[in-house]
file upload.cif (mmCIF, C-alpha atoms and all ligand atoms)
data_structure
#
loop_
_atom_site.group_PDB
_atom_site.id
_atom_site.type_symbol
_atom_site.label_atom_id
_atom_site.label_comp_id
_atom_site.auth_asym_id
_atom_site.auth_seq_id
_atom_site.Cartn_x
_atom_site.Cartn_y
_atom_site.Cartn_z
ATOM 1 C CA MET A 11 -17.724 -12.467 -27.938
ATOM 2 C CA ALA A 12 -16.189 -9.155 -26.947
ATOM 3 C CA ILE A 13 -13.828 -10.386 -24.241
ATOM 4 C CA ARG A 14 -12.763 -13.910 -23.327
ATOM 5 C CA PHE A 15 -11.074 -15.556 -20.356
ATOM 6 C CA GLU A 16 -8.705 -18.505 -20.138
ATOM 7 C CA ASP A 17 -7.631 -20.231 -16.930
ATOM 8 C CA ILE A 18 -4.021 -19.870 -15.830
ATOM 9 C CA LYS A 19 -4.060 -22.489 -13.021
ATOM 10 C CA GLU A 20 -6.705 -24.876 -11.751
ATOM 11 C CA PHE A 21 -7.707 -22.921 -8.633
ATOM 12 C CA ILE A 22 -6.515 -19.401 -9.374
ATOM 13 C CA GLY A 23 -6.000 -16.943 -12.208
ATOM 14 C CA SER A 24 -7.452 -16.172 -15.615
ATOM 15 C CA ARG A 25 -6.008 -14.331 -18.568
ATOM 16 C CA VAL A 26 -8.231 -11.800 -20.330
ATOM 17 C CA LEU A 27 -8.249 -11.760 -24.128
ATOM 18 C CA TRP A 28 -9.912 -9.264 -26.447
ATOM 19 C CA ASP A 29 -10.240 -8.588 -30.160
ATOM 20 C CA ASP A 30 -10.976 -4.896 -29.929
ATOM 21 C CA ARG A 31 -9.384 -2.992 -27.024
ATOM 22 C CA ALA A 32 -12.465 -0.736 -26.804
ATOM 23 C CA ASP A 33 -14.469 -3.777 -25.658
ATOM 24 C CA LEU A 34 -12.676 -3.618 -22.275
ATOM 25 C CA PHE A 35 -14.305 -0.323 -21.305
ATOM 26 C CA THR A 36 -18.018 -1.095 -21.687
ATOM 27 C CA ALA A 37 -20.464 -1.499 -18.800
ATOM 28 C CA GLU A 38 -21.041 -5.071 -19.934
ATOM 29 C CA ALA A 39 -17.308 -5.817 -19.758
ATOM 30 C CA ALA A 40 -17.141 -4.357 -16.225
ATOM 31 C CA LYS A 41 -19.858 -6.757 -15.109
ATOM 32 C CA LEU A 42 -18.137 -9.776 -16.697
ATOM 33 C CA ILE A 43 -14.774 -8.745 -15.273
ATOM 34 C CA ARG A 44 -16.140 -8.266 -11.755
ATOM 35 C CA ALA A 45 -17.839 -11.665 -11.792
ATOM 36 C CA LYS A 46 -14.683 -13.323 -13.136
ATOM 37 C CA VAL A 47 -12.525 -11.670 -10.445
ATOM 38 C CA GLU A 48 -14.863 -13.132 -7.797
ATOM 39 C CA GLU A 49 -14.726 -16.558 -9.442
ATOM 40 C CA ARG A 50 -11.017 -16.789 -10.315
ATOM 41 C CA THR A 51 -9.430 -14.365 -7.778
ATOM 42 C CA VAL A 52 -6.801 -12.941 -10.176
ATOM 43 C CA LEU A 53 -7.264 -11.546 -13.703
ATOM 44 C CA VAL A 54 -4.275 -10.744 -15.902
ATOM 45 C CA PHE A 55 -4.599 -8.392 -18.886
ATOM 46 C CA PRO A 56 -1.301 -8.958 -20.714
ATOM 47 C CA GLN A 57 0.373 -5.788 -22.056
ATOM 48 C CA VAL A 58 -2.844 -3.826 -22.339
ATOM 49 C CA ASN A 59 -0.947 -0.557 -21.632
ATOM 50 C CA LEU A 60 -3.753 1.312 -19.895
ATOM 51 C CA THR A 61 -3.496 5.055 -19.374
ATOM 52 C CA ASP A 62 -4.448 6.316 -15.893
ATOM 53 C CA ALA A 63 -7.729 7.566 -17.373
ATOM 54 C CA GLU A 64 -8.478 4.099 -18.788
ATOM 55 C CA GLN A 65 -7.593 2.419 -15.484
ATOM 56 C CA LEU A 66 -9.957 4.823 -13.709
ATOM 57 C CA THR A 67 -12.712 4.048 -16.222
ATOM 58 C CA ILE A 68 -12.451 0.316 -15.498
ATOM 59 C CA THR A 69 -12.166 0.959 -11.729
ATOM 60 C CA ASN A 70 -15.249 3.189 -11.623
ATOM 61 C CA ALA A 71 -17.261 0.852 -13.846
ATOM 62 C CA MET A 72 -16.573 -2.098 -11.516
ATOM 63 C CA GLY A 73 -17.539 -0.451 -8.234
ATOM 64 C CA GLU A 74 -16.869 2.442 -5.906
ATOM 65 C CA LYS A 75 -13.295 3.694 -6.182
ATOM 66 C CA ILE A 76 -11.537 4.345 -2.856
ATOM 67 C CA ARG A 77 -8.256 5.957 -1.921
ATOM 68 C CA LEU A 78 -6.811 3.584 0.611
ATOM 69 C CA THR A 79 -3.595 5.265 1.595
ATOM 70 C CA ALA A 80 -4.846 8.846 1.756
ATOM 71 C CA ARG A 81 -7.090 7.731 4.576
ATOM 72 C CA ASN A 82 -4.101 6.315 6.441
ATOM 73 C CA ASN A 83 -2.209 9.525 5.811
ATOM 74 C CA VAL A 84 1.008 7.662 5.063
ATOM 75 C CA GLN A 85 2.104 9.528 1.958
ATOM 76 C CA SER A 86 1.561 12.585 -0.154
ATOM 77 C CA ASN A 87 1.168 10.553 -3.341
ATOM 78 C CA ASP A 88 -2.608 10.434 -3.128
ATOM 79 C CA GLY A 89 -3.924 11.543 -6.498
ATOM 80 C CA ASP A 90 -6.533 9.452 -8.262
ATOM 81 C CA VAL A 91 -3.945 6.763 -8.904
ATOM 82 C CA TYR A 92 -1.452 5.734 -6.195
ATOM 83 C CA GLN A 93 2.115 5.172 -7.371
ATOM 84 C CA VAL A 94 3.685 2.089 -5.780
ATOM 85 C CA THR A 95 7.418 2.756 -5.828
ATOM 86 C CA LEU A 96 10.486 2.711 -3.599
ATOM 87 C CA ASP A 97 11.518 6.132 -4.988
ATOM 88 C CA GLU A 98 11.304 8.433 -1.971
ATOM 89 C CA LYS A 99 10.923 11.500 -4.207
ATOM 90 C CA ILE A 100 7.451 10.148 -5.038
ATOM 91 C CA ASN A 101 6.805 8.055 -1.957
ATOM 92 C CA PRO A 102 8.171 9.674 1.210
ATOM 93 C CA GLN A 103 7.641 6.505 3.278
ATOM 94 C CA PRO A 104 9.166 3.663 1.257
ATOM 95 C CA GLU A 105 9.254 1.432 4.357
ATOM 96 C CA TYR A 106 5.514 1.119 4.010
ATOM 97 C CA VAL A 107 6.041 -0.351 0.517
ATOM 98 C CA LEU A 108 8.668 -2.743 1.967
ATOM 99 C CA GLY A 109 5.803 -4.246 3.974
ATOM 100 C CA THR A 110 4.402 -5.518 0.666
ATOM 101 C CA PHE A 111 7.194 -8.145 0.620
ATOM 102 C CA PHE A 112 5.159 -10.136 3.188
ATOM 103 C CA TRP A 113 1.862 -11.946 2.630
ATOM 104 C CA HIS A 114 -1.043 -9.635 3.394
ATOM 105 C CA MET A 115 -4.525 -8.485 2.477
ATOM 106 C CA ASP A 116 -4.994 -4.770 1.751
ATOM 107 C CA GLY A 117 -6.999 -2.613 4.155
ATOM 108 C CA ILE A 118 -7.308 -5.185 6.918
ATOM 109 C CA THR A 119 -6.241 -2.709 9.649
ATOM 110 C CA VAL A 120 -8.506 0.214 8.757
ATOM 111 C CA ASP A 121 -11.974 1.043 9.948
ATOM 112 C CA MET A 122 -13.961 0.048 6.889
ATOM 113 C CA PRO A 123 -14.721 -3.148 5.009
ATOM 114 C CA PRO A 124 -11.589 -4.492 3.273
ATOM 115 C CA PRO A 125 -11.453 -3.309 -0.341
ATOM 116 C CA PHE A 126 -13.067 -5.707 -2.775
ATOM 117 C CA ALA A 127 -10.356 -5.423 -5.393
ATOM 118 C CA THR A 128 -6.956 -3.944 -6.077
ATOM 119 C CA LEU A 129 -5.969 -2.986 -9.639
ATOM 120 C CA LEU A 130 -2.326 -2.594 -10.698
ATOM 121 C CA SER A 131 -0.840 -1.357 -13.956
ATOM 122 C CA CYS A 132 2.838 -2.034 -14.539
ATOM 123 C CA ARG A 133 4.569 1.132 -15.799
ATOM 124 C CA ILE A 134 8.159 0.028 -15.249
ATOM 125 C CA ALA A 135 8.893 -3.688 -14.908
ATOM 126 C CA PRO A 136 12.022 -4.635 -12.978
ATOM 127 C CA ASP A 137 14.550 -6.896 -14.706
ATOM 128 C CA LYS A 138 15.086 -8.732 -11.474
ATOM 129 C CA GLY A 139 12.544 -9.432 -8.703
ATOM 130 C CA GLY A 140 9.321 -7.514 -8.214
ATOM 131 C CA GLU A 141 6.965 -10.290 -9.294
ATOM 132 C CA THR A 142 3.663 -10.308 -7.406
ATOM 133 C CA GLU A 143 2.365 -13.496 -5.821
ATOM 134 C CA PHE A 144 -1.269 -14.188 -5.011
ATOM 135 C CA ALA A 145 -2.726 -16.960 -2.877
ATOM 136 C CA SER A 146 -6.425 -17.825 -2.947
ATOM 137 C CA THR A 147 -7.790 -17.973 0.580
ATOM 138 C CA TYR A 148 -11.056 -19.360 -0.824
ATOM 139 C CA ALA A 149 -9.265 -22.340 -2.388
ATOM 140 C CA ALA A 150 -7.120 -22.709 0.729
ATOM 141 C CA TYR A 151 -10.148 -22.916 3.013
ATOM 142 C CA GLU A 152 -11.963 -25.242 0.649
ATOM 143 C CA GLY A 153 -8.934 -27.548 0.532
ATOM 144 C CA LEU A 154 -8.618 -27.973 4.314
ATOM 145 C CA PRO A 155 -9.559 -31.344 5.789
ATOM 146 C CA ASN A 156 -12.956 -31.197 7.537
ATOM 147 C CA GLU A 157 -11.556 -31.542 11.044
ATOM 148 C CA GLU A 158 -9.308 -28.523 10.454
ATOM 149 C CA LYS A 159 -12.246 -26.497 9.144
ATOM 150 C CA GLU A 160 -14.103 -27.363 12.332
ATOM 151 C CA ALA A 161 -11.110 -26.418 14.487
ATOM 152 C CA LEU A 162 -11.122 -22.911 12.977
ATOM 153 C CA GLU A 163 -14.790 -22.231 13.721
ATOM 154 C CA GLY A 164 -15.236 -19.289 16.062
ATOM 155 C CA LEU A 165 -11.531 -18.361 16.231
ATOM 156 C CA LYS A 166 -10.486 -14.730 15.859
ATOM 157 C CA ALA A 167 -7.069 -13.212 15.239
ATOM 158 C CA VAL A 168 -5.710 -9.779 16.088
ATOM 159 C CA HIS A 169 -4.230 -7.925 13.079
ATOM 160 C CA SER A 170 -1.858 -4.965 12.916
ATOM 161 C CA VAL A 171 0.637 -3.301 10.588
ATOM 162 C CA ARG A 172 3.130 -3.638 13.451
ATOM 163 C CA ALA A 173 2.880 -7.433 13.220
ATOM 164 C CA SER A 174 3.368 -7.464 9.437
ATOM 165 C CA LEU A 175 6.385 -5.139 9.617
ATOM 166 C CA SER A 176 8.009 -6.927 12.579
ATOM 167 C CA PRO A 177 10.537 -8.785 10.369
ATOM 168 C CA ILE A 178 11.875 -5.440 9.065
ATOM 169 C CA ALA A 179 11.236 -3.192 12.080
ATOM 170 C CA ASP A 180 14.930 -2.930 12.957
ATOM 171 C CA ALA A 181 15.698 -1.841 9.351
ATOM 172 C CA ILE A 182 13.383 1.183 9.580
ATOM 173 C CA PRO A 183 15.340 4.329 10.554
ATOM 174 C CA GLU A 184 14.765 4.881 14.239
ATOM 175 C CA LYS A 185 13.547 8.460 13.855
ATOM 176 C CA HIS A 186 10.318 7.369 12.205
ATOM 177 C CA ARG A 187 10.133 3.671 13.149
ATOM 178 C CA GLU A 188 7.403 4.104 15.728
ATOM 179 C CA ARG A 189 5.291 6.227 13.383
ATOM 180 C CA VAL A 190 5.509 3.613 10.597
ATOM 181 C CA LEU A 191 4.776 0.705 12.957
ATOM 182 C CA SER A 192 1.752 2.574 14.320
ATOM 183 C CA ILE A 193 0.068 2.953 10.921
ATOM 184 C CA GLY A 194 -3.495 1.693 10.907
ATOM 185 C CA LEU A 195 -5.550 0.192 13.692
ATOM 186 C CA VAL A 196 -5.341 -2.992 15.687
ATOM 187 C CA LYS A 197 -8.296 -5.045 14.420
ATOM 188 C CA GLU A 198 -9.863 -8.372 15.322
ATOM 189 C CA HIS A 199 -11.131 -10.578 12.501
ATOM 190 C CA PRO A 200 -12.546 -14.104 12.409
ATOM 191 C CA LEU A 201 -10.097 -16.598 10.878
ATOM 192 C CA VAL A 202 -12.851 -17.831 8.592
ATOM 193 C CA TRP A 203 -14.824 -15.235 6.649
ATOM 194 C CA THR A 204 -18.300 -16.359 5.631
ATOM 195 C CA HIS A 205 -19.158 -14.032 2.742
ATOM 196 C CA GLU A 206 -22.702 -12.927 1.920
ATOM 197 C CA SER A 207 -22.468 -15.255 -1.079
ATOM 198 C CA GLY A 208 -22.109 -18.171 1.351
ATOM 199 C CA ARG A 209 -18.536 -18.902 0.232
ATOM 200 C CA LYS A 210 -15.843 -19.066 2.900
ATOM 201 C CA SER A 211 -12.280 -17.784 2.845
ATOM 202 C CA MET A 212 -9.546 -17.458 5.452
ATOM 203 C CA VAL A 213 -8.331 -14.129 6.806
ATOM 204 C CA VAL A 214 -4.632 -14.810 7.291
ATOM 205 C CA GLY A 215 -1.281 -13.221 6.468
ATOM 206 C CA THR A 216 1.512 -11.472 8.325
ATOM 207 C CA THR A 217 -0.810 -8.817 9.795
ATOM 208 C CA ALA A 218 -2.259 -11.602 11.993
ATOM 209 C CA ASP A 219 -0.397 -11.363 15.288
ATOM 210 C CA HIS A 220 -2.061 -13.844 17.616
ATOM 211 C CA ILE A 221 -5.295 -15.769 18.136
ATOM 212 C CA ILE A 222 -7.642 -14.552 20.835
ATOM 213 C CA GLY A 223 -7.980 -16.993 23.732
ATOM 214 C CA MET A 224 -5.046 -19.164 22.644
ATOM 215 C CA ASN A 225 -1.564 -18.971 24.125
ATOM 216 C CA VAL A 226 0.723 -16.917 21.927
ATOM 217 C CA PRO A 227 3.113 -19.666 20.694
ATOM 218 C CA ALA A 228 0.258 -22.041 19.796
ATOM 219 C CA GLY A 229 -1.709 -19.259 18.092
ATOM 220 C CA ARG A 230 1.281 -17.972 16.100
ATOM 221 C CA ALA A 231 2.181 -21.502 15.039
ATOM 222 C CA MET A 232 -1.386 -22.000 13.805
ATOM 223 C CA LEU A 233 -1.379 -18.664 11.936
ATOM 224 C CA ILE A 234 1.919 -19.492 10.225
ATOM 225 C CA ARG A 235 0.690 -22.985 9.321
ATOM 226 C CA LEU A 236 -2.488 -21.561 7.771
ATOM 227 C CA GLN A 237 -0.510 -18.939 5.886
ATOM 228 C CA GLU A 238 1.849 -21.610 4.521
ATOM 229 C CA TRP A 239 -1.115 -23.790 3.592
ATOM 230 C CA ALA A 240 -2.738 -20.976 1.610
ATOM 231 C CA ALA A 241 0.545 -20.078 -0.094
ATOM 232 C CA GLN A 242 1.216 -23.605 -1.383
ATOM 233 C CA PRO A 243 1.699 -23.778 -5.172
ATOM 234 C CA ALA A 244 -1.715 -25.340 -5.855
ATOM 235 C CA PHE A 245 -3.533 -22.287 -4.468
ATOM 236 C CA SER A 246 -1.137 -19.541 -5.542
ATOM 237 C CA LEU A 247 0.073 -17.754 -8.614
ATOM 238 C CA ARG A 248 3.225 -15.762 -9.317
ATOM 239 C CA HIS A 249 2.940 -13.005 -11.918
ATOM 240 C CA LYS A 250 6.132 -11.867 -13.636
ATOM 241 C CA TRP A 251 5.419 -8.335 -14.815
ATOM 242 C CA THR A 252 5.937 -7.068 -18.338
ATOM 243 C CA GLN A 253 5.519 -3.356 -18.900
ATOM 244 C CA GLY A 254 1.866 -2.632 -19.710
ATOM 245 C CA ASP A 255 0.418 -5.621 -17.836
ATOM 246 C CA PHE A 256 -2.696 -4.894 -15.804
ATOM 247 C CA VAL A 257 -3.862 -7.171 -12.978
ATOM 248 C CA ILE A 258 -7.040 -7.105 -10.879
ATOM 249 C CA TRP A 259 -7.447 -9.313 -7.840
ATOM 250 C CA ASP A 260 -10.127 -10.071 -5.285
ATOM 251 C CA ASN A 261 -8.594 -8.718 -2.086
ATOM 252 C CA THR A 262 -11.341 -10.320 -0.002
ATOM 253 C CA GLY A 263 -10.325 -13.809 -1.117
ATOM 254 C CA ALA A 264 -6.562 -13.582 -1.477
ATOM 255 C CA MET A 265 -3.304 -12.676 0.210
ATOM 256 C CA HIS A 266 -0.589 -11.130 -1.927
ATOM 257 C CA ARG A 267 3.044 -10.081 -1.704
ATOM 258 C CA ALA A 268 5.802 -8.713 -3.905
ATOM 259 C CA ILE A 269 9.074 -10.555 -4.453
ATOM 260 C CA PRO A 270 11.781 -8.187 -3.137
ATOM 261 C CA TYR A 271 13.243 -5.773 -5.673
ATOM 262 C CA ASP A 272 15.726 -2.986 -5.560
ATOM 263 C CA LYS A 273 14.923 0.707 -5.890
ATOM 264 C CA SER A 274 17.452 0.884 -8.761
ATOM 265 C CA THR A 275 15.151 -1.266 -10.932
ATOM 266 C CA GLY A 276 12.771 1.708 -11.073
ATOM 267 C CA ARG A 277 9.771 -0.625 -10.577
ATOM 268 C CA MET A 278 6.632 1.477 -10.841
ATOM 269 C CA MET A 279 3.043 0.351 -10.468
ATOM 270 C CA HIS A 280 -0.089 2.472 -10.688
ATOM 271 C CA ARG A 281 -2.707 1.296 -8.218
ATOM 272 C CA THR A 282 -6.410 1.889 -7.749
ATOM 273 C CA SER A 283 -8.769 0.176 -5.292
ATOM 274 C CA ILE A 284 -12.468 -0.702 -5.261
ATOM 275 C CA ALA A 285 -14.427 -0.460 -2.019
ATOM 276 C CA GLY A 286 -15.553 -3.600 -0.284
ATOM 277 C CA THR A 287 -19.265 -4.045 0.246
ATOM 278 C CA GLU A 288 -19.147 -6.309 3.314
ATOM 279 C CA ALA A 289 -17.209 -6.372 6.555
ATOM 280 C CA VAL A 290 -15.324 -9.539 7.558
ATOM 281 C CA ALA A 291 -17.923 -11.741 9.263
ATOM 282 C CA ALA A 292 -17.845 -15.170 10.830
HETATM 283 FE FE FE A 301 -0.896 -4.825 -0.908
#
call {"tool": "encode", "arguments": {"input": "upload.cif", "output": "structure tokens"}}
result
Amino acid sequence: MAIRFEDIKEFIGSRVLWDDRADLFTAEAAKLIRAKVEERTVLVFPQVNLTDAEQLTITNAMGEKIRLTARNNVQSNDGDVYQVTLDEKINPQPEYVLGTFFWHMDGITVDMPPPFATLLSCRIAPDKGGETEFASTYAAYEGLPNEEKEALEGLKAVHSVRASLSPIADAIPEKHRERVLSIGLVKEHPLVWTHESGRKSMVVGTTADHIIGMNVPAGRAMLIRLQEWAAQPAFSLRHKWTQGDFVIWDNTGAMHRAIPYDKSTGRMMHRTSIAGTEAVAA
């Protein structure tokens, strides 16, 4: 077989193995990889050392490539591959990257279906910090007791970048705080996403501000409880980056966050995104 997969944890994560590196770039491989991402949420390609051109080949073979951040107009670094870095010479709004320290789904506050997948190549691995954590919101939903699943039926939450950045709002320089906090739209999403496949996941994370029709303290407490539930070790995976690692995850069935790292580590990730094909639906 050209490429193989081995499970990392019971409910989340597979490692990709190959004999011949060229086998990763075929149309057949793209199909297998896409299906495995949907099944296992996170795929790790250890030290595969992709060039940008190779990352774009895999991205384009798996679906429709989109440029998430250019649409939000948050940075000038909007070539074919987005550079995730705290270096303000490359990324003029590093506060936006600081928001990645908190559990979130990508593209949940823009006016299009959330991206299906995010793809990250590690160009410079930090010595300290900078791991990425993933939590399967499919496994988290599946694992809820039945009465809790029933209690979530029909509930909707309001999401915003402002909510996800609220823990660091006072650390953003005042002169552009309001502009950063106003990135994106304020969007309502059902707490439980019934996908076209019939599978269900939860739409949670720090972008979720409150639950519609519920008083704010009770709604926030529920959102935090659900986020903690999804992030429990059984449903989550922490990836410690080695230079050259490449990771693809299903953004429609996972929250993710980065462990804080310092700019001096030089951490540098090259990111591409694949368009989602369905809007969040109850
Ligand atoms: Fe992200």
call {"tool": "closest_residue", "arguments": {"input": "upload.cif", "among": "A:Asp33, A:Glu198, A:Glu158, A:Glu184", "to": "Ile68 in chain A", "atoms": "all atoms listed in the file"}}
result
A:Asp33
call {"tool": "residues_near_ligand", "arguments": {"input": "upload.cif", "ligand": "ligand FE 301 (chain A)", "cutoff": "10 Å", "atoms": "only C-alpha atoms and all ligand atoms", "output": "PyMOL selection string"}}
result
chain A and resi 94+107+109-117+128+142+261+265-268+281
call {"tool": "resolve_selection", "arguments": {"input": "upload.cif", "expression": "the PyMOL selection byres (((chain A and resi 124) around 10) and not hetatm)", "output": "ChimeraX atom specification"}}
result
/A:78,115-123,125-127,261-262,284-290
call {"tool": "residues_around", "arguments": {"input": "upload.cif", "residues": "Asp219 in chain A", "least_positions_apart": "4", "cutoff": "8 Å", "atoms": "all atoms listed in the file", "output": "list of chain:residue names"}}
result
A:Ala167, A:Val168, A:His169, A:Ser170, A:Ala173, A:Ser174, A:Arg230
call {"tool": "atom_distance", "arguments": {"input": "upload.cif", "atom1": "CA of Ile76 in chain A", "atom2": "CA of Val91 in chain A"}}
result
10.0 Å
call {"tool": "resolve_selection", "arguments": {"input": "upload.cif", "expression": "the PyMOL selection byres (((chain A and resi 202) around 9) and not hetatm)", "output": "count of residues only"}}
result
20
call {"tool": "residues_around", "arguments": {"input": "upload.cif", "residues": "Asp29 in chain A", "least_positions_apart": "2", "cutoff": "9 Å", "atoms": "only C-alpha atoms", "output": "ChimeraX atom specification"}}
result
/A:11-13,27,31-33
